[in-house]
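Reading through the structure tokens given below for one structure.
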Amino acid sequence: MRKLSASYSRIDELDRPTINASSTYSPYEYGHANFRQHNLKGFRSLLRSKVLRKFFTRLVLFGIAIFAVLFAYQTGVSSIRCHRPIVDIHTLTETDLEFSFAEREAGSLEPMFEFGPRIVPLQRKLGLIAIAAGKKSKERVDHLVKLAGFENFSFFLWHWDNSTWNEFDWYKNVTSVRQLKQTKYWFAKRFLSPHVVQNYDYVFVWDDDFGLSPEFDPAKFVMTMKNYNIHFAQPAISSGEHFGVTKVVKTPGVIGRYVNFVEMMFPVISSAAWSTCAWRAIPYDGRAYWGVDNLWYPMCGAQGFCRVAILDKYPVAHMDTRNLGGWAFSMTKELVHYRRMFTNECERVGEKTRKKTRYPKAVRDFCRLWMAGYFTTSIDFFITFNNIKPQDQLNDQCPMESDFPGTRNKKYYEGLEVSAHHRNTL
């Protein structure tokens with residue numbers, strides 16, 4: 001037999017084995033080379049396949065994307081934005097829901113005087129009356145506390161001075177917070193969060209310069225709001241209106257009027273509207289908070305809290321008639337900044353809408369009113385739509401339907417987390 005031997009080139013250059021006639025032929029060696037050649041060709045064809053190349057390409061891109069997201073998160077790169085809903089610090093997470101039995105039900109501001117858990121369910125009350133109170137208002141606050149009583153109301157006093165109130169027997173039954181030289185809505189944003197107001201039908205967010213008239217009754221005021229499902233209201237002003245605004249002055253012979261604006265001095269707000277809209281629209285970094293009341297009708301009305309009213313049947317006096325003096329400039333500056341915040345947002349919404357991004361109807365209705373120049377002149381404030389009529393208790397129409405077409409007015413409790421025990425009492 002003729003002796004042959006196989007000599008091989010480098011594996012990466014091998015196409016087929018080369019037979020050297022001077023070498024001894026080995027079938028095993030030749031078969032092994034052929035086996036290696038066959039597998040190498042198969043591996044090369046696998047590498048050349050479109051499916052595998054596409055898989056590796058996607059794997060590399062996926063790895064790059066993960067690295068980019070982690071890098072952006074760690075370094076705080078703001079140019080990479082994930083389109084996801086804003087996380088609300090007051091929204092329960094899955095863990096919170098799992099252990100929410102510890103809360104038992106919506107809380108209240110009732111003080112604890114005994115050890116151990118309170119008897120549940122807690123009493124649901126008509127209102128929580130929160131007042132930014134200083135030493136000059138002691139007699140007025142004392143009058144209101146005795147008039148309202150603790151059976152239907154709880155009280156939350158925000159002290160902005162060093163005054164002491166221990167001379168009043170009722171003071172041990174109220175909750176109070178003290179921070180020097182702060183303003184009402186500074187306290188409200190921090191201490192009147194949605195969970196705090198859940199166990200009350202309405203929230204009073206009042207200045208301390210009120211004067212109670214003989215006609216004013218807190219319980220009847222709230223019951224009128226409940227019967228007509230009014231979400232924002234203020235008592236008519238019997239005297240001491242600011243800036244000569246006569247539209248808030250008491251109109252005789254009527255229960256009240258549906259309007260597009262209530263002032264930030266003496267508002268009474270449904271807990272649902274406060275939790276869902278009004279509280280969320282208050283910035284943390286305000287001082288005078290001029291402008292927060294500008295949002296209540298267009299923004300909250302667009303969400304279904306569209307009945308805003310002045311109740312003429314229950315007037316109060318405004319005791320502080322001083323002009324603003326040196327505060328006027330800084331307060332106006334804050335108002336302009338506050339309005340600009342929402343104007344910028346509505347401009348962004350308009351730009352996104354033109355690019356076919358679909359926003360909720362409430363957002364579109366608000367921005368339509370806001371960008372049309374709502375509340376840019378004094379003429380825009382306190383526009384009266386119509387008087388409150390008994391038949392309004394039987395329907396859910398917004399007073400000015402053209403402002404929020406297709407939107408119904410919500411019940412005063414819609415949106416609240418109400419316990420099963422209290423559900424039948426609403």
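Chain identifiers are assigned as A, B, and so on, following the order in which chains appear in the structure tokens; residues are numbered from 1 within each chain, and ligands are numbered from 1 in order of appearance.
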
So that I can check the secondary structure, give me every residue of region 119-154 of chain A assigned strand (DSSP E or B) by backbone DSSP, as an mmCIF file with N, CA and C atoms, in the first residue's frame.
data_model
loop_
_atom_site.group_PDB
_atom_site.id
_atom_site.type_symbol
_atom_site.label_atom_id
_atom_site.label_comp_id
_atom_site.auth_asym_id
_atom_site.auth_seq_id
_atom_site.Cartn_x
_atom_site.Cartn_y
_atom_site.Cartn_z
ATOM 1 N N LYS A 125 -67.065 63.182 61.616
ATOM 2 C CA LYS A 125 -67.567 64.503 61.974
ATOM 3 C C LYS A 125 -67.824 65.357 60.736
ATOM 4 N N LEU A 126 -68.628 66.395 60.945
ATOM 5 C CA LEU A 126 -68.959 67.298 59.838
ATOM 6 C C LEU A 126 -67.733 68.029 59.318
ATOM 7 N N GLY A 127 -66.867 68.457 60.226
ATOM 8 C CA GLY A 127 -65.764 69.273 59.741
ATOM 9 C C GLY A 127 -64.570 69.309 60.664
ATOM 10 N N LEU A 128 -63.439 69.612 60.048
ATOM 11 C CA LEU A 128 -62.203 69.905 60.762
ATOM 12 C C LEU A 128 -61.911 71.387 60.551
ATOM 13 N N ILE A 129 -61.889 72.150 61.636
ATOM 14 C CA ILE A 129 -61.681 73.593 61.551
ATOM 15 C C ILE A 129 -60.221 73.899 61.870
ATOM 16 N N ALA A 130 -59.474 74.300 60.852
ATOM 17 C CA ALA A 130 -58.060 74.631 61.002
ATOM 18 C C ALA A 130 -57.905 76.143 60.902
ATOM 19 N N ILE A 131 -57.232 76.727 61.884
ATOM 20 C CA ILE A 131 -57.092 78.183 61.951
ATOM 21 C C ILE A 131 -55.641 78.532 62.259
ATOM 22 N N ALA A 132 -55.080 79.463 61.486
ATOM 23 C CA ALA A 132 -53.773 80.033 61.806
ATOM 24 C C ALA A 132 -54.013 81.130 62.838
ATOM 25 N N ALA A 133 -53.690 80.873 64.108
ATOM 26 C CA ALA A 133 -54.152 81.725 65.203
ATOM 27 C C ALA A 133 -52.997 82.341 65.963
ATOM 28 N N PHE A 153 -67.384 68.784 65.306
ATOM 29 C CA PHE A 153 -66.174 69.373 64.731
ATOM 30 C C PHE A 153 -64.943 69.027 65.563
ATOM 31 N N SER A 154 -63.818 68.991 64.892
ATOM 32 C CA SER A 154 -62.513 68.964 65.548
ATOM 33 C C SER A 154 -61.793 70.254 65.189
#

Problem - Residue neighbourhood Phe261 (chain A), 12 Å, only C-alpha atoms, exclusion window fewer than 6 positions, as a ChimeraX atom specification - result: /A:231-234,247-248,267,291-301,306-310,374-375,378-385

Problem - Residues within 8 Å of region 346-348 of chain A, only C-alpha atoms, excluding chain neighbours under 6 positions, as JSON, numbers by chain - result: {"A": [367, 370, 371]}

Exercise for the section: Identify which of the residues A:Asp365, A:Glu167, A:Glu334, A:Asp201 lies closest to Glu401 (chain A), counting only C-alpha atoms when measuring atom-to-atom distances. Expected result: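 Among the listed residues, A:Asp365 lies closest to Glu401 (chain A).
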
Handout entry: A:Tyr314, A:Tyr412, A:Phe404, A:Trp290 ranked by distance to Lys333 (chain A), top pick (using only C-alpha atoms)
Key =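 The shortest atom-to-atom distance to Lys333 (chain A) comes from A:Trp290.
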